[in-house]
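Participant: Sharing upload01.pdb (PDB, C-alpha atoms and all ligand atoms) below.
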ATOM      1  CA  MET A   9      58.021-162.902 122.284  1.00  0.00           C
ATOM      2  CA  ALA A  10      54.435-164.140 122.585  1.00  0.00           C
ATOM      3  CA  GLN A  11      52.443-162.480 125.294  1.00  0.00           C
ATOM      4  CA  LYS A  12      52.039-164.540 128.419  1.00  0.00           C
ATOM      5  CA  SER A  13      48.612-165.919 129.216  1.00  0.00           C
ATOM      6  CA  LEU A  14      46.877-164.950 132.422  1.00  0.00           C
ATOM      7  CA  LEU A  15      47.618-168.384 133.845  1.00  0.00           C
ATOM      8  CA  GLU A  16      51.327-168.037 133.022  1.00  0.00           C
ATOM      9  CA  ARG A  17      51.423-164.622 134.652  1.00  0.00           C
ATOM     10  CA  ILE A  18      49.750-165.971 137.776  1.00  0.00           C
ATOM     11  CA  LEU A  19      52.232-168.858 137.877  1.00  0.00           C
ATOM     12  CA  ASP A  20      55.148-166.435 137.474  1.00  0.00           C
ATOM     13  CA  TRP A  21      53.812-164.434 140.366  1.00  0.00           C
ATOM     14  CA  LEU A  22      53.267-167.504 142.546  1.00  0.00           C
ATOM     15  CA  TYR A  23      56.534-169.197 141.612  1.00  0.00           C
ATOM     16  CA  PRO A  24      59.002-166.493 140.600  1.00  0.00           C
ATOM     17  CA  ASN A  25      62.392-167.530 139.279  1.00  0.00           C
ATOM     18  CA  ARG A  26      65.011-167.439 141.924  1.00  0.00           C
ATOM     19  CA  CYS A  27      68.731-168.083 142.117  1.00  0.00           C
ATOM     20  CA  GLY A  28      69.137-171.779 142.897  1.00  0.00           C
ATOM     21  CA  VAL A  29      71.797-170.975 145.487  1.00  0.00           C
ATOM     22  CA  CYS A  30      70.900-167.745 147.371  1.00  0.00           C
ATOM     23  CA  HIS A  31      67.162-167.713 146.421  1.00  0.00           C
ATOM     24  CA  ARG A  32      67.178-164.091 145.338  1.00  0.00           C
ATOM     25  CA  PHE A  33      64.876-163.231 142.409  1.00  0.00           C
ATOM     26  CA  CYS A  34      66.678-163.827 139.157  1.00  0.00           C
ATOM     27  CA  ASP A  35      65.795-165.205 135.729  1.00  0.00           C
ATOM     28  CA  ASP A  36      68.788-167.509 135.460  1.00  0.00           C
ATOM     29  CA  ALA A  37      69.511-170.706 137.362  1.00  0.00           C
ATOM     30  CA  ILE A  38      72.080-168.800 139.433  1.00  0.00           C
ATOM     31  CA  CYS A  39      72.588-165.069 140.009  1.00  0.00           C
ATOM     32  CA  GLN A  40      75.700-163.191 138.936  1.00  0.00           C
ATOM     33  CA  ASP A  41      76.719-162.498 142.543  1.00  0.00           C
ATOM     34  CA  CYS A  42      76.792-166.185 143.408  1.00  0.00           C
ATOM     35  CA  LYS A  43      78.705-166.980 140.226  1.00  0.00           C
ATOM     36  CA  ASN A  44      81.229-164.258 141.022  1.00  0.00           C
ATOM     37  CA  ASN A  45      81.812-165.935 144.358  1.00  0.00           C
ATOM     38  CA  TRP A  46      82.899-169.251 142.893  1.00  0.00           C
ATOM     39  CA  SER A  47      86.636-169.663 143.650  1.00  0.00           C
ATOM     40  CA  LEU A  48      87.950-170.603 140.241  1.00  0.00           C
ATOM     41  CA  ILE A  49      90.944-172.902 140.120  1.00  0.00           C
ATOM     42  CA  VAL A  50      93.871-171.146 138.501  1.00  0.00           C
ATOM     43  CA  PRO A  51      97.497-172.213 138.019  1.00  0.00           C
ATOM     44  CA  PRO A  52      99.634-173.397 139.685  1.00  0.00           C
ATOM     45  CA  TYR A  53      98.103-176.850 139.952  1.00  0.00           C
ATOM     46  CA  CYS A  54      99.329-180.405 139.524  1.00  0.00           C
ATOM     47  CA  LEU A  55      99.636-181.182 135.834  1.00  0.00           C
ATOM     48  CA  TRP A  56      98.332-184.692 136.335  1.00  0.00           C
ATOM     49  CA  CYS A  57      95.439-184.510 138.805  1.00  0.00           C
ATOM     50  CA  GLY A  58      94.697-180.769 138.770  1.00  0.00           C
ATOM     51  CA  ARG A  59      95.128-180.365 142.534  1.00  0.00           C
ATOM     52  CA  PRO A  60      95.726-176.665 143.278  1.00  0.00           C
ATOM     53  CA  PHE A  61      99.136-175.928 144.739  1.00  0.00           C
ATOM     54  CA  ASP A  62      99.859-173.453 147.439  1.00  0.00           C
ATOM     55  CA  PRO A  63     101.049-170.473 145.388  1.00  0.00           C
ATOM     56  CA  ARG A  64     103.838-169.858 147.928  1.00  0.00           C
ATOM     57  CA  SER A  65     105.254-173.340 147.561  1.00  0.00           C
ATOM     58  CA  LYS A  66     107.980-174.239 145.122  1.00  0.00           C
ATOM     59  CA  ALA A  67     106.569-174.947 141.684  1.00  0.00           C
ATOM     60  CA  SER A  68     106.657-178.629 140.760  1.00  0.00           C
ATOM     61  CA  PRO A  69     104.708-180.140 137.901  1.00  0.00           C
ATOM     62  CA  LEU A  70     103.202-182.938 140.025  1.00  0.00           C
ATOM     63  CA  CYS A  71     101.704-183.144 143.519  1.00  0.00           C
ATOM     64  CA  GLY A  72     102.885-185.646 146.146  1.00  0.00           C
ATOM     65  CA  MET A  73     100.101-188.079 145.307  1.00  0.00           C
ATOM     66  CA  CYS A  74     100.905-188.060 141.597  1.00  0.00           C
ATOM     67  CA  LEU A  75     104.627-188.428 142.268  1.00  0.00           C
ATOM     68  CA  GLN A  76     103.662-191.816 143.728  1.00  0.00           C
ATOM     69  CA  GLY A  77     101.844-192.600 140.484  1.00  0.00           C
ATOM     70  CA  ARG A  78      98.608-193.521 142.176  1.00  0.00           C
ATOM     71  CA  TYR A  79      96.046-192.454 139.558  1.00  0.00           C
ATOM     72  CA  LYS A  80      94.985-194.541 136.567  1.00  0.00           C
ATOM     73  CA  PHE A  81      93.496-191.618 134.650  1.00  0.00           C
ATOM     74  CA  ASP A  82      95.670-189.606 132.290  1.00  0.00           C
ATOM     75  CA  TYR A  83      94.690-186.265 133.803  1.00  0.00           C
ATOM     76  CA  ALA A  84      91.962-184.549 135.805  1.00  0.00           C
ATOM     77  CA  ARG A  85      90.727-180.958 135.838  1.00  0.00           C
ATOM     78  CA  SER A  86      88.126-179.092 137.885  1.00  0.00           C
ATOM     79  CA  VAL A  87      86.568-175.657 137.713  1.00  0.00           C
ATOM     80  CA  VAL A  88      86.118-174.379 141.275  1.00  0.00           C
ATOM     81  CA  ILE A  89      87.374-175.083 144.749  1.00  0.00           C
ATOM     82  CA  TYR A  90      84.818-176.959 146.841  1.00  0.00           C
ATOM     83  CA  GLU A  91      84.237-174.250 149.439  1.00  0.00           C
ATOM     84  CA  GLY A  92      81.868-171.341 150.092  1.00  0.00           C
ATOM     85  CA  VAL A  93      79.425-170.641 147.275  1.00  0.00           C
ATOM     86  CA  GLY A  94      80.983-173.332 145.059  1.00  0.00           C
ATOM     87  CA  ARG A  95      80.132-175.887 147.692  1.00  0.00           C
ATOM     88  CA  GLU A  96      76.636-174.437 148.205  1.00  0.00           C
ATOM     89  CA  THR A  97      76.077-174.656 144.452  1.00  0.00           C
ATOM     90  CA  VAL A  98      76.938-178.361 144.411  1.00  0.00           C
ATOM     91  CA  HIS A  99      74.671-178.982 147.388  1.00  0.00           C
ATOM     92  CA  ALA A 100      71.723-177.143 145.836  1.00  0.00           C
ATOM     93  CA  PHE A 101      72.288-178.971 142.558  1.00  0.00           C
ATOM     94  CA  LYS A 102      72.497-182.378 144.160  1.00  0.00           C
ATOM     95  CA  PHE A 103      70.395-182.365 147.291  1.00  0.00           C
ATOM     96  CA  ASN A 104      67.892-179.527 146.856  1.00  0.00           C
ATOM     97  CA  ARG A 105      66.602-180.589 143.443  1.00  0.00           C
ATOM     98  CA  LYS A 106      67.987-177.729 141.402  1.00  0.00           C
ATOM     99  CA  PRO A 107      68.854-179.496 138.141  1.00  0.00           C
ATOM    100  CA  ARG A 108      68.794-176.158 136.270  1.00  0.00           C
ATOM    101  CA  LEU A 109      72.178-175.384 137.841  1.00  0.00           C
ATOM    102  CA  ALA A 110      73.697-177.939 135.445  1.00  0.00           C
ATOM    103  CA  GLN A 111      73.702-175.262 132.724  1.00  0.00           C
ATOM    104  CA  PRO A 112      75.981-172.617 134.309  1.00  0.00           C
ATOM    105  CA  MET A 113      78.146-175.301 135.950  1.00  0.00           C
ATOM    106  CA  GLY A 114      78.501-177.289 132.713  1.00  0.00           C
ATOM    107  CA  GLU A 115      79.318-174.151 130.701  1.00  0.00           C
ATOM    108  CA  LEU A 116      82.382-173.459 132.830  1.00  0.00           C
ATOM    109  CA  MET A 117      83.373-177.129 132.781  1.00  0.00           C
ATOM    110  CA  ALA A 118      83.298-177.058 128.981  1.00  0.00           C
ATOM    111  CA  GLU A 119      85.613-174.036 129.052  1.00  0.00           C
ATOM    112  CA  VAL A 120      88.081-175.778 131.343  1.00  0.00           C
ATOM    113  CA  MET A 121      87.979-178.919 129.188  1.00  0.00           C
ATOM    114  CA  LYS A 122      88.668-176.877 126.085  1.00  0.00           C
ATOM    115  CA  ARG A 123      91.587-175.162 127.738  1.00  0.00           C
ATOM    116  CA  ALA A 124      93.021-178.498 128.869  1.00  0.00           C
ATOM    117  CA  LEU A 125      92.743-179.884 125.357  1.00  0.00           C
ATOM    118  CA  ASP A 126      94.168-176.775 123.765  1.00  0.00           C
ATOM    119  CA  ARG A 127      97.215-175.980 125.728  1.00  0.00           C
ATOM    120  CA  ASP A 128      97.494-176.418 129.445  1.00  0.00           C
ATOM    121  CA  ASN A 129      98.384-180.065 129.583  1.00  0.00           C
ATOM    122  CA  GLY A 130     101.915-181.324 129.400  1.00  0.00           C
ATOM    123  CA  LEU A 131     100.786-184.940 129.483  1.00  0.00           C
ATOM    124  CA  LEU A 132      98.836-185.048 126.265  1.00  0.00           C
ATOM    125  CA  PRO A 133     100.358-186.703 123.236  1.00  0.00           C
ATOM    126  CA  SER A 134     100.441-184.616 120.159  1.00  0.00           C
ATOM    127  CA  PRO A 135      98.672-184.148 117.848  1.00  0.00           C
ATOM    128  CA  ARG A 136      95.944-183.565 120.388  1.00  0.00           C
ATOM    129  CA  GLN A 137      92.732-185.330 119.676  1.00  0.00           C
ATOM    130  CA  LEU A 138      89.198-184.600 120.747  1.00  0.00           C
ATOM    131  CA  PRO A 139      87.750-187.143 123.154  1.00  0.00           C
ATOM    132  CA  SER A 140      85.326-189.612 121.589  1.00  0.00           C
ATOM    133  CA  MET A 141      82.804-189.533 124.407  1.00  0.00           C
ATOM    134  CA  LEU A 142      81.806-188.139 127.783  1.00  0.00           C
ATOM    135  CA  VAL A 143      80.897-190.725 130.412  1.00  0.00           C
ATOM    136  CA  PRO A 144      79.189-189.532 133.626  1.00  0.00           C
ATOM    137  CA  VAL A 145      80.042-191.324 136.865  1.00  0.00           C
ATOM    138  CA  PRO A 146      77.013-193.592 137.305  1.00  0.00           C
ATOM    139  CA  LEU A 147      74.821-193.626 140.384  1.00  0.00           C
ATOM    140  CA  HIS A 148      73.421-196.798 141.797  1.00  0.00           C
ATOM    141  CA  PRO A 149      69.866-197.169 140.359  1.00  0.00           C
ATOM    142  CA  LYS A 150      68.386-196.784 143.857  1.00  0.00           C
ATOM    143  CA  THR A 151      70.127-193.457 144.471  1.00  0.00           C
ATOM    144  CA  GLN A 152      69.122-192.217 141.044  1.00  0.00           C
ATOM    145  CA  ARG A 153      65.469-193.141 141.624  1.00  0.00           C
ATOM    146  CA  PHE A 154      65.525-191.263 144.916  1.00  0.00           C
ATOM    147  CA  ARG A 155      67.187-188.122 143.482  1.00  0.00           C
ATOM    148  CA  GLY A 156      65.282-188.222 140.208  1.00  0.00           C
ATOM    149  CA  TYR A 157      68.386-187.526 138.122  1.00  0.00           C
ATOM    150  CA  ASN A 158      72.082-188.258 137.929  1.00  0.00           C
ATOM    151  CA  GLN A 159      73.807-184.926 138.475  1.00  0.00           C
ATOM    152  CA  ALA A 160      76.936-186.056 136.612  1.00  0.00           C
ATOM    153  CA  ALA A 161      74.851-186.990 133.557  1.00  0.00           C
ATOM    154  CA  LEU A 162      73.188-183.557 133.482  1.00  0.00           C
ATOM    155  CA  LEU A 163      76.604-181.853 133.561  1.00  0.00           C
ATOM    156  CA  ALA A 164      77.880-184.155 130.806  1.00  0.00           C
ATOM    157  CA  GLU A 165      74.853-183.255 128.632  1.00  0.00           C
ATOM    158  CA  VAL A 166      75.628-179.536 128.865  1.00  0.00           C
ATOM    159  CA  ILE A 167      79.353-180.046 128.147  1.00  0.00           C
ATOM    160  CA  GLY A 168      78.618-182.463 125.303  1.00  0.00           C
ATOM    161  CA  GLN A 169      76.317-179.975 123.648  1.00  0.00           C
ATOM    162  CA  ILE A 170      78.852-177.155 123.835  1.00  0.00           C
ATOM    163  CA  LEU A 171      81.876-179.186 122.707  1.00  0.00           C
ATOM    164  CA  ASP A 172      79.923-181.452 120.357  1.00  0.00           C
ATOM    165  CA  ILE A 173      81.044-184.678 122.029  1.00  0.00           C
ATOM    166  CA  PRO A 174      78.553-187.530 122.494  1.00  0.00           C
ATOM    167  CA  VAL A 175      77.463-188.471 126.024  1.00  0.00           C
ATOM    168  CA  GLU A 176      77.269-192.175 126.835  1.00  0.00           C
ATOM    169  CA  THR A 177      75.277-192.955 129.971  1.00  0.00           C
ATOM    170  CA  LYS A 178      75.020-196.722 129.550  1.00  0.00           C
ATOM    171  CA  ILE A 179      78.660-197.666 129.101  1.00  0.00           C
ATOM    172  CA  LEU A 180      79.817-197.412 132.694  1.00  0.00           C
ATOM    173  CA  VAL A 181      77.634-198.945 135.417  1.00  0.00           C
ATOM    174  CA  GLN A 182      77.847-199.158 139.166  1.00  0.00           C
ATOM    175  CA  SER A 183      77.803-202.869 139.786  1.00  0.00           C
ATOM    176  CA  ARG A 184      77.160-202.825 143.503  1.00  0.00           C
ATOM    177  CA  PRO A 185      75.823-200.348 146.042  1.00  0.00           C
ATOM    178  CA  MET A 186      78.460-198.212 147.793  1.00  0.00           C
ATOM    179  CA  LYS A 187      78.316-196.240 151.005  1.00  0.00           C
ATOM    180  CA  PRO A 188      78.164-192.495 150.293  1.00  0.00           C
ATOM    181  CA  GLN A 189      81.814-191.419 149.929  1.00  0.00           C
ATOM    182  CA  ALA A 190      81.119-188.215 151.885  1.00  0.00           C
ATOM    183  CA  THR A 191      80.530-190.262 155.054  1.00  0.00           C
ATOM    184  CA  LEU A 192      83.956-191.927 154.910  1.00  0.00           C
ATOM    185  CA  GLY A 193      87.542-191.078 155.738  1.00  0.00           C
ATOM    186  CA  GLU A 194      90.251-191.061 153.096  1.00  0.00           C
ATOM    187  CA  ARG A 195      91.434-194.660 153.371  1.00  0.00           C
ATOM    188  CA  GLU A 196      87.869-196.011 153.535  1.00  0.00           C
ATOM    189  CA  ARG A 197      86.947-194.111 150.389  1.00  0.00           C
ATOM    190  CA  TRP A 198      89.544-196.053 148.388  1.00  0.00           C
ATOM    191  CA  GLU A 199      88.229-199.341 149.835  1.00  0.00           C
ATOM    192  CA  ASN A 200      84.579-198.422 149.315  1.00  0.00           C
ATOM    193  CA  VAL A 201      84.881-197.942 145.542  1.00  0.00           C
ATOM    194  CA  LYS A 202      87.110-200.916 144.792  1.00  0.00           C
ATOM    195  CA  GLY A 203      85.569-202.911 141.943  1.00  0.00           C
ATOM    196  CA  ALA A 204      82.326-200.889 142.134  1.00  0.00           C
ATOM    197  CA  PHE A 205      82.232-200.008 138.428  1.00  0.00           C
ATOM    198  CA  GLU A 206      81.964-202.091 135.288  1.00  0.00           C
ATOM    199  CA  VAL A 207      82.017-201.317 131.603  1.00  0.00           C
ATOM    200  CA  ALA A 208      78.810-202.686 130.110  1.00  0.00           C
ATOM    201  CA  LYS A 209      79.821-202.243 126.478  1.00  0.00           C
ATOM    202  CA  PRO A 210      83.609-202.672 126.158  1.00  0.00           C
ATOM    203  CA  GLU A 211      83.412-202.719 122.362  1.00  0.00           C
ATOM    204  CA  LEU A 212      82.390-199.043 122.402  1.00  0.00           C
ATOM    205  CA  VAL A 213      85.336-198.033 124.586  1.00  0.00           C
ATOM    206  CA  ARG A 214      88.198-199.947 122.990  1.00  0.00           C
ATOM    207  CA  GLY A 215      90.845-197.607 121.583  1.00  0.00           C
ATOM    208  CA  GLN A 216      88.841-194.496 122.505  1.00  0.00           C
ATOM    209  CA  ILE A 217      89.610-191.334 124.457  1.00  0.00           C
ATOM    210  CA  VAL A 218      87.034-191.094 127.234  1.00  0.00           C
ATOM    211  CA  VAL A 219      86.244-188.194 129.592  1.00  0.00           C
ATOM    212  CA  VAL A 220      84.699-189.176 132.924  1.00  0.00           C
ATOM    213  CA  VAL A 221      82.457-186.415 134.295  1.00  0.00           C
ATOM    214  CA  ASP A 222      81.400-185.874 137.910  1.00  0.00           C
ATOM    215  CA  ASP A 223      80.314-183.051 140.203  1.00  0.00           C
ATOM    216  CA  VAL A 224      83.061-183.185 142.848  1.00  0.00           C
ATOM    217  CA  MET A 225      86.528-184.703 143.099  1.00  0.00           C
ATOM    218  CA  THR A 226      87.697-185.332 146.652  1.00  0.00           C
ATOM    219  CA  THR A 227      90.375-188.007 146.961  1.00  0.00           C
ATOM    220  CA  GLY A 228      89.935-189.008 143.316  1.00  0.00           C
ATOM    221  CA  ALA A 229      89.141-192.578 144.389  1.00  0.00           C
ATOM    222  CA  THR A 230      85.854-192.762 142.473  1.00  0.00           C
ATOM    223  CA  LEU A 231      87.278-191.261 139.296  1.00  0.00           C
ATOM    224  CA  ASN A 232      90.316-193.490 139.578  1.00  0.00           C
ATOM    225  CA  GLU A 233      88.119-196.574 139.859  1.00  0.00           C
ATOM    226  CA  CYS A 234      86.073-195.511 136.819  1.00  0.00           C
ATOM    227  CA  ALA A 235      89.303-194.942 134.881  1.00  0.00           C
ATOM    228  CA  LYS A 236      90.551-198.363 135.920  1.00  0.00           C
ATOM    229  CA  ALA A 237      87.413-200.065 134.595  1.00  0.00           C
ATOM    230  CA  LEU A 238      87.550-198.081 131.347  1.00  0.00           C
ATOM    231  CA  LYS A 239      91.232-198.824 130.772  1.00  0.00           C
ATOM    232  CA  ARG A 240      90.640-202.495 131.508  1.00  0.00           C
ATOM    233  CA  ALA A 241      87.977-202.405 128.798  1.00  0.00           C
ATOM    234  CA  GLY A 242      90.571-201.017 126.371  1.00  0.00           C
ATOM    235  CA  ALA A 243      90.133-197.230 126.519  1.00  0.00           C
ATOM    236  CA  ARG A 244      93.227-195.559 125.083  1.00  0.00           C
ATOM    237  CA  GLN A 245      93.092-192.546 127.367  1.00  0.00           C
ATOM    238  CA  VAL A 246      90.858-191.455 130.220  1.00  0.00           C
ATOM    239  CA  TYR A 247      90.522-187.832 131.328  1.00  0.00           C
ATOM    240  CA  CYS A 248      88.450-186.637 134.267  1.00  0.00           C
ATOM    241  CA  LEU A 249      86.467-183.445 134.566  1.00  0.00           C
ATOM    242  CA  THR A 250      84.606-182.258 137.660  1.00  0.00           C
ATOM    243  CA  PHE A 251      82.914-179.035 138.620  1.00  0.00           C
ATOM    244  CA  ALA A 252      84.459-178.809 142.089  1.00  0.00           C
ATOM    245  CA  ARG A 253      87.576-180.003 143.795  1.00  0.00           C
ATOM    246  CA  THR A 254      88.313-180.264 147.489  1.00  0.00           C
ATOM    247  CA  ILE A 255      91.601-178.934 148.725  1.00  0.00           C
ATOM    248  CA  SER A 256      93.350-180.073 151.822  1.00  0.00           C
ATOM    249  CA  ILE A 257      95.270-177.380 153.609  1.00  0.00           C
TER     250      ILE A 257
HETATM  251 ZN    ZN B   1      72.532-166.174 144.061  1.00  0.00          ZN
HETATM  252 ZN    ZN B   2      98.481-184.534 141.373  1.00  0.00          ZN
END
Here is a file; write its structure as structure tokens.

Facilitator:
Amino acid sequence: MAQKSLLERILDWLYPNRCGVCHRFCDDAICQDCKNNWSLIVPPYCLWCGRPFDPRSKASPLCGMCLQGRYKFDYARSVVIYEGVGRETVHAFKFNRKPRLAQPMGELMAEVMKRALDRDNGLLPSPRQLPSMLVPVPLHPKTQRFRGYNQAALLAEVIGQILDIPVETKILVQSRPMKPQATLGERERWENVKGAFEVAKPELVRGQIVVVVDDVMTTGATLNECAKALKRAGARQVYCLTFARTISI
């Protein structure tokens, strides 16, 4: 490695690398302790939407929501439960301008995606095919200007690089401003996203398998609306992949 210049050494001293979550000194975007504290989602979970089941409950392949057939996507998977350090990681990534966290978060998302494609999904047709593209949930241009980046697009870039799947950021657009979902109750969330997304280039989606990527899945209303727009444009299958997932107890 080339020796660091005096200026670089001074900058290192003034601005040392720190964990994006707990702020301890560390060379990576997140320290090992914080990563170890992510609550990974493990089976049993709903085969369709990925919602973790209470391990004490009777095993059933689908959750109550999916038994009603509410979702338009073919399946959804997430990496961690949205609580504790997992939740702090999402907050740092999104609100405290820590885009470097996309790397460790995206790496685990790629692993979960691979697992879903390989074997854990009873809903996939066989032979199983690789998705044609990753599509991040779009932000409204105003929100993106304010934040400086679309967190979902950064995650998709990392996953795309690992799995060698192209990322398309211009296919799905948010056609009108929405209230932040986090400020709303469950029923309002479904109303708030209705018709909020459009496919700008339907010819690129027709007949394709598309993976919608986002940071958090709560009710699934946003992902469902994206899937609806993509299916309307002719997508053959739509999968969803998020870093975190809320659980209601
Ligand atoms: Zn840390
Ligand atoms: Zn479900």

Participant: What is the atom CA of A:Ser68 to atom CA of A:Val220 distance in Å?

Facilitator: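 About the pair atom CA of A:Ser68 and atom CA of A:Val220: they are 25.6 Å apart.
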
Participant: Rounded to one decimal in Å, what is the spacing between atom CA of A:Lys80 and atom CA of A:Cys54?

Facilitator: 15.1 Å

Participant: What residues of the protein or nucleic acid chains come within 10 Å of ligand ZN 1 (chain B) when you use all atoms listed in the file? Reply as a list in words.

Facilitator: Arg26, Cys27, Gly28, Val29, Cys30, His31, Arg32, Phe33, Cys34, Asp36, Ala37, Ile38, Cys39, Gln40, Asp41, Cys42, Lys43, Asn44, Asn45, Val93 and Thr97 of chain A

Participant: Throw together the list of residues within 6 Å of ligand ZN 2 (chain B), counting all atoms listed in the file, and drop it here as a list in words.

Facilitator: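 If we count all atoms listed in the file, the neighbours of ligand ZN 2 (chain B) turn out to be Cys54, Trp56, Cys57, Gly58, Arg59, Leu70, Cys71, Met73 and Cys74 of chain A.
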
Participant: How many Å lie between atom CA of A:Glu194 and atom CA of A:Thr230, rounded to one decimal?

Facilitator: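 Computed distance, atom CA of A:Glu194 to atom CA of A:Thr230, equals 11.6 Å.
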
Participant: Report the centre and edge lengths, in Å to one decimal, of an axis-aligned box enclosing every atom of stretch 245-249 of chain A listed in the file, padded by 6 Å on each side, as AutoDock Vina command-line options.

Facilitator:
--center_x 89.8 --center_y -188.0 --center_z 131.0 --size_x 18.6 --size_y 21.1 --size_z 19.2

Participant: I'd like the residues picked by the PyMOL selection byres (((chain A and resi 118) around 10) and not hetatm) written out as a PDB file with C-alpha atoms, in the frame of the given file, using the chain letters and numbers from the file.

Facilitator:
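File written: out-v2.pdb
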ATOM      1  CA  VAL A  87      86.568-175.657 137.713  1.00  0.00           C
ATOM      2  CA  MET A 113      78.146-175.301 135.950  1.00  0.00           C
ATOM      3  CA  GLY A 114      78.501-177.289 132.713  1.00  0.00           C
ATOM      4  CA  GLU A 115      79.318-174.151 130.701  1.00  0.00           C
ATOM      5  CA  LEU A 116      82.382-173.459 132.830  1.00  0.00           C
ATOM      6  CA  MET A 117      83.373-177.129 132.781  1.00  0.00           C
ATOM      7  CA  GLU A 119      85.613-174.036 129.052  1.00  0.00           C
ATOM      8  CA  VAL A 120      88.081-175.778 131.343  1.00  0.00           C
ATOM      9  CA  MET A 121      87.979-178.919 129.188  1.00  0.00           C
ATOM     10  CA  LYS A 122      88.668-176.877 126.085  1.00  0.00           C
ATOM     11  CA  ARG A 123      91.587-175.162 127.738  1.00  0.00           C
ATOM     12  CA  ALA A 124      93.021-178.498 128.869  1.00  0.00           C
ATOM     13  CA  LEU A 163      76.604-181.853 133.561  1.00  0.00           C
ATOM     14  CA  ALA A 164      77.880-184.155 130.806  1.00  0.00           C
ATOM     15  CA  VAL A 166      75.628-179.536 128.865  1.00  0.00           C
ATOM     16  CA  ILE A 167      79.353-180.046 128.147  1.00  0.00           C
ATOM     17  CA  GLY A 168      78.618-182.463 125.303  1.00  0.00           C
ATOM     18  CA  GLN A 169      76.317-179.975 123.648  1.00  0.00           C
ATOM     19  CA  ILE A 170      78.852-177.155 123.835  1.00  0.00           C
ATOM     20  CA  LEU A 171      81.876-179.186 122.707  1.00  0.00           C
ATOM     21  CA  LEU A 249      86.467-183.445 134.566  1.00  0.00           C
ATOM     22  CA  PHE A 251      82.914-179.035 138.620  1.00  0.00           C
TER      23      PHE A 251
END

Participant: Given the file above and the PyMOL selection byres (((chain A and resi 231) around 12) and not hetatm), which residues are selected, and can you give them as an MDAnalysis selection string?

Facilitator: chainID A and resid 57 78:85 143:146 160 180 189 197:198 201:202 204:205 219:230 232:238 246:250

Participant: Closest to A:Phe103 among A:Tyr157, A:Tyr53, A:Phe61, A:Trp46, using all atoms listed in the file?

Facilitator: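 Closest to A:Phe103, using all atoms listed in the file: A:Tyr157.
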
Participant: To verify the selection step, state as a ChimeraX atom specification which residues the PyMOL selection byres (((chain A and resi 206-215) around 9) and not hetatm) yields on this input.

Facilitator: /A:140-141,178-183,203-205,216-218,234,237-245

Participant: Calculated over only C-alpha atoms, which of the candidates A:Thr254, A:Asn158, A:Arg184, A:Glu176 has the smallest distance to A:Arg105?

Facilitator: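 Answer, going by the shortest atom-to-atom distance: A:Asn158.
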
Participant: Counting all atoms listed in the file, which of A:Trp21, A:Phe101, A:Phe154, A:Tyr90 gets nearest to A:Leu48?

Facilitator: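 Smallest separation from A:Leu48 among the options: A:Tyr90.
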
Participant: Which of these, A:Leu192, A:Leu109, A:Val50, A:Leu125, has the shortest distance to A:Ile89 once you count all atoms listed in the file?

Facilitator: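 Comparing A:Leu192, A:Leu109, A:Val50, A:Leu125 against A:Ile89, the winner is A:Val50.
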